[in-house]
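Below is my_file-v3.cif, holding mmCIF, C-alpha atoms and all ligand atoms.
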data_work
loop_
_atom_site.group_PDB
_atom_site.id
_atom_site.type_symbol
_atom_site.label_atom_id
_atom_site.label_comp_id
_atom_site.auth_asym_id
_atom_site.auth_seq_id
_atom_site.Cartn_x
_atom_site.Cartn_y
_atom_site.Cartn_z
ATOM 1 C CA MET A 1 -1.507 8.296 36.804
ATOM 2 C CA SER A 2 -0.152 11.099 38.947
ATOM 3 C CA GLY A 3 2.906 13.291 39.344
ATOM 4 C CA ARG A 4 4.831 15.299 36.820
ATOM 5 C CA ARG A 5 5.980 12.925 34.108
ATOM 6 C CA PHE A 6 7.956 15.535 32.177
ATOM 7 C CA ASP A 7 10.109 17.248 34.781
ATOM 8 C CA GLY A 8 13.427 18.069 33.114
ATOM 9 C CA ARG A 9 12.096 17.192 29.654
ATOM 10 C CA VAL A 10 11.950 19.511 26.655
ATOM 11 C CA VAL A 11 9.008 19.373 24.256
ATOM 12 C CA LEU A 12 8.322 21.006 20.872
ATOM 13 C CA VAL A 13 4.693 21.187 19.699
ATOM 14 C CA THR A 14 3.706 22.471 16.244
ATOM 15 C CA GLY A 15 0.399 24.178 15.510
ATOM 16 C CA ALA A 16 0.307 25.213 19.168
ATOM 17 C CA ALA A 17 -1.612 28.493 18.825
ATOM 18 C CA GLN A 18 -5.046 26.902 19.164
ATOM 19 C CA GLY A 19 -7.034 23.683 19.251
ATOM 20 C CA GLN A 20 -5.289 20.409 20.015
ATOM 21 C CA GLY A 21 -1.767 21.837 19.856
ATOM 22 C CA ALA A 22 -2.517 24.540 22.427
ATOM 23 C CA SER A 23 -4.036 21.968 24.782
ATOM 24 C CA GLU A 24 -1.110 19.571 24.333
ATOM 25 C CA ALA A 25 1.471 22.303 24.952
ATOM 26 C CA ALA A 26 -0.348 23.342 28.156
ATOM 27 C CA GLY A 27 -0.631 19.696 29.225
ATOM 28 C CA PHE A 28 3.109 19.098 28.886
ATOM 29 C CA ALA A 29 3.889 22.329 30.746
ATOM 30 C CA ALA A 30 1.526 21.365 33.569
ATOM 31 C CA GLU A 31 3.519 18.148 33.996
ATOM 32 C CA GLY A 32 6.857 19.889 34.264
ATOM 33 C CA ALA A 33 8.112 20.089 30.669
ATOM 34 C CA ARG A 34 9.872 23.055 29.170
ATOM 35 C CA VAL A 35 7.646 23.654 26.156
ATOM 36 C CA PHE A 36 8.480 25.315 22.862
ATOM 37 C CA ALA A 37 5.076 26.155 21.396
ATOM 38 C CA CYS A 38 5.388 26.720 17.648
ATOM 39 C CA ASP A 39 2.962 28.136 15.116
ATOM 40 C CA LEU A 40 3.002 30.252 11.963
ATOM 41 C CA LYS A 41 3.347 33.387 14.109
ATOM 42 C CA ASP A 42 4.665 33.748 17.646
ATOM 43 C CA ASP A 43 2.110 36.340 18.812
ATOM 44 C CA PHE A 44 -0.519 33.872 20.095
ATOM 45 C CA GLU A 45 -1.611 33.599 23.708
ATOM 46 C CA ALA A 46 0.160 30.905 25.695
ATOM 47 C CA PRO A 47 0.401 30.061 29.383
ATOM 48 C CA ALA A 48 3.136 31.897 31.269
ATOM 49 C CA GLY A 49 6.536 30.264 31.004
ATOM 50 C CA MET A 50 5.899 28.618 27.657
ATOM 51 C CA GLU A 51 8.281 29.681 24.908
ATOM 52 C CA ARG A 52 6.584 30.691 21.668
ATOM 53 C CA VAL A 53 8.452 30.224 18.411
ATOM 54 C CA ALA A 54 7.413 31.205 14.869
ATOM 55 C CA LEU A 55 7.611 28.083 12.708
ATOM 56 C CA ASP A 56 6.023 27.361 9.340
ATOM 57 C CA VAL A 57 6.364 23.564 9.259
ATOM 58 C CA THR A 58 6.650 23.572 5.457
ATOM 59 C CA ASP A 59 9.933 25.501 5.616
ATOM 60 C CA PRO A 60 13.083 23.430 6.388
ATOM 61 C CA ALA A 61 15.085 26.594 7.144
ATOM 62 C CA ALA A 62 12.468 27.663 9.699
ATOM 63 C CA TRP A 63 12.773 24.217 11.313
ATOM 64 C CA GLU A 64 16.541 24.649 11.587
ATOM 65 C CA ARG A 65 16.030 28.041 13.240
ATOM 66 C CA ALA A 66 13.437 26.664 15.671
ATOM 67 C CA VAL A 67 15.564 23.668 16.669
ATOM 68 C CA GLY A 68 18.617 25.949 16.933
ATOM 69 C CA CYS A 69 16.630 28.044 19.386
ATOM 70 C CA VAL A 70 15.696 24.922 21.420
ATOM 71 C CA ARG A 71 19.338 23.753 21.425
ATOM 72 C CA GLU A 72 20.616 27.164 22.477
ATOM 73 C CA ARG A 73 18.035 27.793 25.228
ATOM 74 C CA ALA A 74 17.393 24.283 26.557
ATOM 75 C CA GLY A 75 20.293 22.162 25.279
ATOM 76 C CA ARG A 76 18.138 19.107 24.632
ATOM 77 C CA LEU A 77 14.898 17.868 23.056
ATOM 78 C CA ASP A 78 12.883 14.897 24.281
ATOM 79 C CA VAL A 79 9.509 15.127 22.563
ATOM 80 C CA LEU A 80 8.338 16.335 19.142
ATOM 81 C CA VAL A 81 4.611 16.642 18.487
ATOM 82 C CA ASN A 82 3.868 17.056 14.778
ATOM 83 C CA ASN A 83 0.374 18.444 15.264
ATOM 84 C CA ALA A 84 0.096 21.305 12.725
ATOM 85 C CA GLY A 85 -2.363 20.486 9.986
ATOM 86 C CA ILE A 86 -4.726 22.019 7.459
ATOM 87 C CA SER A 87 -7.804 20.645 5.767
ATOM 88 C CA LEU A 88 -9.470 21.299 2.413
ATOM 89 C CA GLY A 89 -13.051 20.418 1.553
ATOM 90 C CA LYS A 90 -12.270 19.166 -1.950
ATOM 91 C CA GLY A 91 -11.561 15.924 -3.793
ATOM 92 C CA VAL A 92 -9.298 14.892 -6.677
ATOM 93 C CA LEU A 93 -11.138 16.808 -9.410
ATOM 94 C CA GLY A 94 -12.100 19.803 -7.297
ATOM 95 C CA SER A 95 -8.605 20.511 -5.984
ATOM 96 C CA THR A 96 -6.136 22.587 -7.926
ATOM 97 C CA LEU A 97 -2.561 21.319 -8.090
ATOM 98 C CA ASP A 98 -1.499 24.163 -5.789
ATOM 99 C CA GLU A 99 -4.167 23.189 -3.248
ATOM 100 C CA TRP A 100 -3.078 19.536 -3.367
ATOM 101 C CA LYS A 101 0.548 20.539 -2.842
ATOM 102 C CA ALA A 102 -0.322 22.907 0.006
ATOM 103 C CA VAL A 103 -2.125 20.201 1.994
ATOM 104 C CA ILE A 104 0.617 17.624 1.394
ATOM 105 C CA ASP A 105 3.228 20.241 2.286
ATOM 106 C CA VAL A 106 1.803 20.971 5.730
ATOM 107 C CA ASN A 107 0.390 17.590 6.758
ATOM 108 C CA LEU A 108 3.054 15.252 5.349
ATOM 109 C CA ASN A 109 6.161 17.207 4.383
ATOM 110 C CA GLY A 110 5.897 19.233 7.611
ATOM 111 C CA ALA A 111 6.350 16.095 9.705
ATOM 112 C CA PHE A 112 9.219 14.929 7.444
ATOM 113 C CA HIS A 113 11.042 18.252 7.888
ATOM 114 C CA GLY A 114 10.333 18.117 11.619
ATOM 115 C CA MET A 115 11.858 14.679 12.035
ATOM 116 C CA ARG A 116 14.944 15.617 10.034
ATOM 117 C CA ALA A 117 15.476 18.786 12.052
ATOM 118 C CA CYS A 118 14.718 17.357 15.519
ATOM 119 C CA VAL A 119 16.111 13.820 15.524
ATOM 120 C CA PRO A 120 19.819 14.810 15.694
ATOM 121 C CA LEU A 121 19.143 16.809 18.901
ATOM 122 C CA MET A 122 16.894 14.054 20.280
ATOM 123 C CA LYS A 123 19.694 11.549 19.634
ATOM 124 C CA THR A 124 22.195 13.572 21.634
ATOM 125 C CA SER A 125 19.551 13.932 24.366
ATOM 126 C CA GLY A 126 19.511 10.150 24.764
ATOM 127 C CA GLY A 127 16.331 9.328 22.851
ATOM 128 C CA GLY A 128 12.758 10.523 22.932
ATOM 129 C CA SER A 129 9.290 10.320 21.474
ATOM 130 C CA ILE A 130 7.680 11.680 18.320
ATOM 131 C CA ILE A 131 3.902 11.891 18.074
ATOM 132 C CA ASN A 132 2.228 12.666 14.765
ATOM 133 C CA THR A 133 -1.380 13.713 14.316
ATOM 134 C CA GLY A 134 -3.212 11.714 11.677
ATOM 135 C CA THR A 135 -6.979 11.320 11.452
ATOM 136 C CA ALA A 136 -9.597 8.614 11.402
ATOM 137 C CA MET A 137 -9.752 9.513 7.679
ATOM 138 C CA SER A 138 -6.314 7.953 7.245
ATOM 139 C CA MET A 139 -8.005 4.589 7.846
ATOM 140 C CA HIS A 140 -10.466 4.749 4.933
ATOM 141 C CA GLY A 141 -11.563 6.894 1.984
ATOM 142 C CA PHE A 142 -13.026 10.370 2.419
ATOM 143 C CA TYR A 143 -14.370 13.012 0.046
ATOM 144 C CA ARG A 144 -11.379 15.205 0.965
ATOM 145 C CA ALA A 145 -8.736 13.392 -1.121
ATOM 146 C CA PRO A 146 -5.733 15.685 -0.460
ATOM 147 C CA TYR A 147 -6.399 15.690 3.289
ATOM 148 C CA SER A 148 -7.002 11.957 3.545
ATOM 149 C CA ALA A 149 -4.031 11.115 1.289
ATOM 150 C CA SER A 150 -1.693 13.385 3.245
ATOM 151 C CA LYS A 151 -2.615 11.614 6.480
ATOM 152 C CA TRP A 152 -2.298 8.129 4.927
ATOM 153 C CA GLY A 153 1.182 9.247 3.878
ATOM 154 C CA LEU A 154 1.900 10.422 7.402
ATOM 155 C CA ARG A 155 0.971 6.964 8.725
ATOM 156 C CA GLY A 156 3.492 5.425 6.340
ATOM 157 C CA LEU A 157 6.196 7.949 7.172
ATOM 158 C CA ALA A 158 5.683 7.316 10.889
ATOM 159 C CA LYS A 159 5.986 3.542 10.557
ATOM 160 C CA CYS A 160 9.234 3.826 8.569
ATOM 161 C CA ALA A 161 10.610 6.419 10.989
ATOM 162 C CA ALA A 162 9.774 4.151 13.947
ATOM 163 C CA LEU A 163 12.002 1.443 12.452
ATOM 164 C CA GLU A 164 14.772 3.863 11.518
ATOM 165 C CA PHE A 165 14.915 5.679 14.863
ATOM 166 C CA ALA A 166 14.437 2.703 17.213
ATOM 167 C CA ARG A 167 18.190 2.254 17.511
ATOM 168 C CA PHE A 168 18.472 5.820 18.809
ATOM 169 C CA GLY A 169 15.875 5.184 21.523
ATOM 170 C CA ILE A 170 13.383 7.377 19.695
ATOM 171 C CA ARG A 171 9.810 6.106 19.472
ATOM 172 C CA VAL A 172 7.368 7.249 16.772
ATOM 173 C CA ASN A 173 3.594 6.985 17.087
ATOM 174 C CA THR A 174 0.593 8.458 15.306
ATOM 175 C CA ILE A 175 -2.733 9.382 16.858
ATOM 176 C CA HIS A 176 -5.867 9.307 14.734
ATOM 177 C CA PRO A 177 -8.632 11.541 16.081
ATOM 178 C CA GLY A 178 -12.184 11.344 14.785
ATOM 179 C CA LEU A 179 -14.208 14.502 15.397
ATOM 180 C CA VAL A 180 -12.477 16.877 17.812
ATOM 181 C CA GLU A 181 -14.011 19.988 19.329
ATOM 182 C CA SER A 182 -11.478 22.445 17.909
ATOM 183 C CA PRO A 183 -11.643 25.392 15.506
ATOM 184 C CA MET A 184 -10.808 23.180 12.500
ATOM 185 C CA ALA A 185 -13.985 21.148 13.018
ATOM 186 C CA THR A 186 -16.383 23.614 14.621
ATOM 187 C CA ARG A 187 -16.071 26.320 11.967
ATOM 188 C CA ASP A 188 -18.535 24.397 9.724
ATOM 189 C CA SER A 189 -21.465 23.431 11.948
ATOM 190 C CA THR A 190 -23.370 21.546 9.223
ATOM 191 C CA LEU A 191 -20.403 19.281 8.487
ATOM 192 C CA TYR A 192 -19.655 18.977 12.196
ATOM 193 C CA ASP A 193 -23.171 17.695 12.916
ATOM 194 C CA ALA A 194 -23.047 15.277 9.949
ATOM 195 C CA ILE A 195 -19.715 13.782 11.052
ATOM 196 C CA LEU A 196 -20.954 13.530 14.635
ATOM 197 C CA GLU A 197 -24.096 11.622 13.666
ATOM 198 C CA PRO A 198 -22.451 8.187 13.155
ATOM 199 C CA VAL A 199 -20.010 8.467 16.081
ATOM 200 C CA PRO A 200 -20.987 5.535 18.335
ATOM 201 C CA ILE A 201 -20.250 7.317 21.617
ATOM 202 C CA GLY A 202 -22.535 10.148 20.466
ATOM 203 C CA ARG A 203 -20.183 13.031 21.151
ATOM 204 C CA PRO A 204 -16.995 14.593 19.811
ATOM 205 C CA THR A 205 -13.599 14.008 21.406
ATOM 206 C CA SER A 206 -12.361 16.875 23.560
ATOM 207 C CA VAL A 207 -8.920 18.421 23.190
ATOM 208 C CA ALA A 208 -8.288 17.335 26.793
ATOM 209 C CA GLU A 209 -8.830 13.685 25.816
ATOM 210 C CA ILE A 210 -6.451 14.073 22.853
ATOM 211 C CA THR A 211 -3.905 15.643 25.190
ATOM 212 C CA ARG A 212 -4.058 12.741 27.639
ATOM 213 C CA LEU A 213 -3.280 10.256 24.831
ATOM 214 C CA VAL A 214 -0.422 12.374 23.482
ATOM 215 C CA LEU A 215 1.126 12.761 26.939
ATOM 216 C CA PHE A 216 0.833 9.022 27.570
ATOM 217 C CA LEU A 217 2.574 8.194 24.271
ATOM 218 C CA ALA A 218 5.303 10.732 25.045
ATOM 219 C CA SER A 219 5.862 9.388 28.554
ATOM 220 C CA ASP A 220 8.024 6.570 29.860
ATOM 221 C CA ASP A 221 4.806 4.624 30.524
ATOM 222 C CA ALA A 222 4.722 4.022 26.752
ATOM 223 C CA ALA A 223 8.376 2.918 26.546
ATOM 224 C CA SER A 224 7.607 -0.164 24.442
ATOM 225 C CA ILE A 225 5.047 1.473 22.167
ATOM 226 C CA THR A 226 6.395 2.537 18.789
ATOM 227 C CA GLY A 227 5.232 2.416 15.180
ATOM 228 C CA GLY A 228 1.625 2.398 16.332
ATOM 229 C CA ASP A 229 -1.589 3.901 14.998
ATOM 230 C CA HIS A 230 -3.739 5.009 17.917
ATOM 231 C CA LEU A 231 -7.382 5.698 17.140
ATOM 232 C CA ILE A 232 -9.138 8.192 19.409
ATOM 233 C CA ASP A 233 -12.382 8.548 17.506
ATOM 234 C CA GLY A 234 -15.293 7.500 19.704
ATOM 235 C CA GLY A 235 -15.627 4.294 17.670
ATOM 236 C CA LEU A 236 -16.031 6.041 14.297
ATOM 237 C CA VAL A 237 -13.730 3.709 12.349
ATOM 238 C CA ALA A 238 -15.092 0.614 14.095
ATOM 239 C CA ALA A 239 -18.590 1.642 13.032
ATOM 240 C CA GLY A 240 -17.842 1.840 9.304
ATOM 241 C CA SER A 241 -20.883 2.515 7.148
ATOM 242 C CA MET A 242 -22.892 -0.327 8.648
ATOM 243 C CA ASN A 243 -23.488 1.545 11.879
ATOM 244 C CA ALA A 244 -25.348 4.233 9.951
ATOM 245 C CA VAL A 245 -27.459 1.511 8.279
ATOM 246 C CA ALA A 246 -28.323 -0.031 11.646
ATOM 247 C CA ASN A 247 -29.158 3.384 13.080
ATOM 248 C CA LYS A 248 -31.266 4.400 10.075
ATOM 249 C CA LEU A 249 -33.295 1.185 10.021
ATOM 250 C CA GLY A 250 -33.552 0.934 13.798
ATOM 251 C CA LEU A 251 -31.946 -2.518 13.877
ATOM 252 C CA TRP A 252 -30.595 -2.317 17.396
ATOM 253 C CA ASP A 253 -32.169 -4.678 19.980
HETATM 254 N N1 LIG A 301 -10.439 18.907 14.528
HETATM 255 C C1 LIG A 301 -10.659 17.679 14.134
HETATM 256 O O1 LIG A 301 -11.810 17.189 14.147
HETATM 257 C C2 LIG A 301 -9.510 16.819 13.681
HETATM 258 C C3 LIG A 301 -9.771 15.466 13.442
HETATM 259 C C4 LIG A 301 -8.717 14.648 13.069
HETATM 260 C C5 LIG A 301 -7.450 15.152 12.930
HETATM 261 N N2 LIG A 301 -7.211 16.477 13.146
HETATM 262 C C6 LIG A 301 -5.837 16.949 13.022
HETATM 263 O O2 LIG A 301 -5.443 17.455 14.275
HETATM 264 C C7 LIG A 301 -4.391 18.432 14.105
HETATM 265 C C8 LIG A 301 -4.721 19.664 14.916
HETATM 266 O O3 LIG A 301 -5.891 20.214 14.396
HETATM 267 P P1 LIG A 301 -6.886 21.151 15.222
HETATM 268 O O4 LIG A 301 -8.184 20.444 15.218
HETATM 269 O O5 LIG A 301 -6.289 21.587 16.482
HETATM 270 O O6 LIG A 301 -6.941 22.340 14.123
HETATM 271 P P2 LIG A 301 -6.852 23.922 14.233
HETATM 272 O O7 LIG A 301 -7.121 24.413 12.856
HETATM 273 O O8 LIG A 301 -7.714 24.372 15.341
HETATM 274 O O9 LIG A 301 -5.311 24.200 14.619
HETATM 275 C C9 LIG A 301 -4.266 23.941 13.713
HETATM 276 C C10 LIG A 301 -3.081 24.833 14.055
HETATM 277 O O10 LIG A 301 -2.030 24.527 13.102
HETATM 278 C C11 LIG A 301 -1.455 25.759 12.689
HETATM 279 N N3 LIG A 301 -0.824 25.609 11.376
HETATM 280 C C12 LIG A 301 -1.429 25.491 10.170
HETATM 281 N N4 LIG A 301 -0.511 25.462 9.196
HETATM 282 C C13 LIG A 301 0.698 25.560 9.795
HETATM 283 C C14 LIG A 301 2.034 25.594 9.320
HETATM 284 N N5 LIG A 301 2.313 25.542 7.989
HETATM 285 N N6 LIG A 301 3.053 25.682 10.219
HETATM 286 C C15 LIG A 301 2.774 25.762 11.550
HETATM 287 N N7 LIG A 301 1.541 25.760 12.063
HETATM 288 C C16 LIG A 301 0.505 25.654 11.182
HETATM 289 C C17 LIG A 301 -2.609 26.754 12.686
HETATM 290 O O11 LIG A 301 -2.133 28.104 12.715
HETATM 291 C C18 LIG A 301 -3.379 26.335 13.929
HETATM 292 O O12 LIG A 301 -2.919 27.009 15.075
HETATM 293 C C19 LIG A 301 -4.289 18.652 12.596
HETATM 294 O O13 LIG A 301 -3.188 17.921 12.098
HETATM 295 C C20 LIG A 301 -5.594 18.079 12.064
HETATM 296 O O14 LIG A 301 -5.461 17.625 10.733
HETATM 297 C C21 LIG A 301 -8.219 17.328 13.513
#

Have the structure of the file written as structure tokens, please.
Amino acid sequence: MSGRRFDGRVVLVTGAAQGQGASEAAGFAAEGARVFACDLKDDFEAPAGMERVALDVTDPAAWERAVGCVRERAGRLDVLVNNAGISLGKGVLGSTLDEWKAVIDVNLNGAFHGMRACVPLMKTSGGGSIINTGTAMSMHGFYRAPYSASKWGLRGLAKCAALEFARFGIRVNTIHPGLVESPMATRDSTLYDAILEPVPIGRPTSVAEITRLVLFLASDDAASITGGDHLIDGGLVAAGSMNAVANKLGLWD
């Protein structure tokens, strides 16, 4: 793969101040895209030329303002990356109702608002690609019920949206990272090490690797890929719990 796949294209990335979103925004810009990097505040560091926009993904009015800004400045939108997300280290009984709602509001409702705000402009731009950020924990249960449930919901939303938007030439895909070296994961080193332990490839996924998958799904090379769930987890989901059993008992040949 070479060349600039996004020359002339306009891209909006949420949660772009750090971690995966920052890497994705820089990756698109490096391949020629005009990037609108959105986060809660617009005072974060971003590569020169990137346009920073304040956007709380839970706020439909803020989405309308952000997309209005894209329409006014760039006149089109080709790619939406619903990357913003929050986590909460609690389950069903440990979470308050407000905590449950807050996680669902960012991780699931945020993508819903984003699609509703962006798709009309993407339609008039001739189609495009939406990439949502799920998690390997949207493939099975996890002790973080609000987080896991919000991402299972996002998977469902993405599949329905893929069907609904296909006639507009808009593809919808969801990536499912395992353990990614980003502030969300590295801020708790004990948990980080415990999640890393069963990862078959023996290392976390880098933000650069996530970025390469997102750019591929956004590009014309993925023109027939829509409605998909794309694991990028070092084999974590494939391993299930039995990999830990085999490791613990030393059952490998
Ligand atoms: N780090 C991991 O191991 C991992 C694994 C699987 C999935 N994910 C998912 O990947 C995505 C990116 O996470 P990351 O690892 O880069 O995390 P991060 O915490 O480093 O970055 C998340 C960004 O989202 C922004 N954000 C939070 N709430 C927002 C809101 N309401 N509106 C706009 N922006 C908001 C934050 O300000 C931050 O810049 C998230 O959806 C996360 O759930 C992360």

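Look at Ala48 in chain A: the protein and nucleic acid residues within 12 Å of it, using all atoms listed in the file and passing over chain neighbours fewer than 3 places away, are Ala25, Ala26, Ala29, Ala30, Arg34, Val35, Phe36, Ala37, Phe44, Glu45, Glu51 and Arg52 of chain A.
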
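Picture a line from CA of Met115 in chain A to CA of Asp233 in chain A; it runs 25.6 Å.
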
Check what the PyMOL selection byres (((chain A and resi 88) around 7) and not hetatm) selects in the file above and give those residues as a VMD selection string. chain A and resid 86 to 87 89 to 90 144 147

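Compared by their closest atoms to ligand LIG 301 (chain A), and using all atoms listed in the file, the residues A:Thr211, A:Ser23, A:Thr124, A:Ser182 rank with A:Ser182 nearest.
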
Ground truth for the PyMOL selection byres (((not hetatm)) within 7 of (chain A and resi 301)), written as a ChimeraX atom specification: /A:14-21,38-40,55-58,83-87,106-107,133-136,176-185

Can you work out the spacing between CA of Ser138 in chain A and CA of Asp59 in chain A in Å, to one decimal? 24.0 Å

Decode the PyMOL selection byres (((chain A and resi 100) around 10) and not hetatm) for the given file into explicit residues and return them as a PyMOL selection string. chain A and resi 88+90-92+94-99+101-105+145-147+149-150

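From CA of Pro47 in chain A back to CA of Cys69 in chain A, the distance works out to 19.2 Å.
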
Please, which residues are within 12 Å of (-23.7, 5.2, 22.3) by the file's coordinates, counting all atoms listed in the file, and could they come as a ChimeraX atom specification? /A:196-204,234-236,239,243,247,252

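Between Leu217 in chain A and the residues A:Asn82, A:Thr174, A:Ser125, A:Thr205, the shortest atom-to-atom distance, using all atoms listed in the file, involves A:Thr174.
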
Given 4 Å of margin on each side, can you work out the centre and size in Å (one decimal) of an axis-aligned box holding every listed atom of range 113-128 of chain A, as lines of an AutoDock Vina configuration file?
center_x = 16.3
center_y = 14.1
center_z = 16.3
size_x = 19.9
size_y = 17.5
size_z = 24.9

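Using only C-alpha atoms, the residues found no farther than 10 Å from Phe168 in chain A, other than those of its own chain fewer than 4 positions away, are Val119, Pro120, Met122, Lys123, Thr124, Ser125, Gly126, Gly127, Gly128 and Glu164 of chain A.
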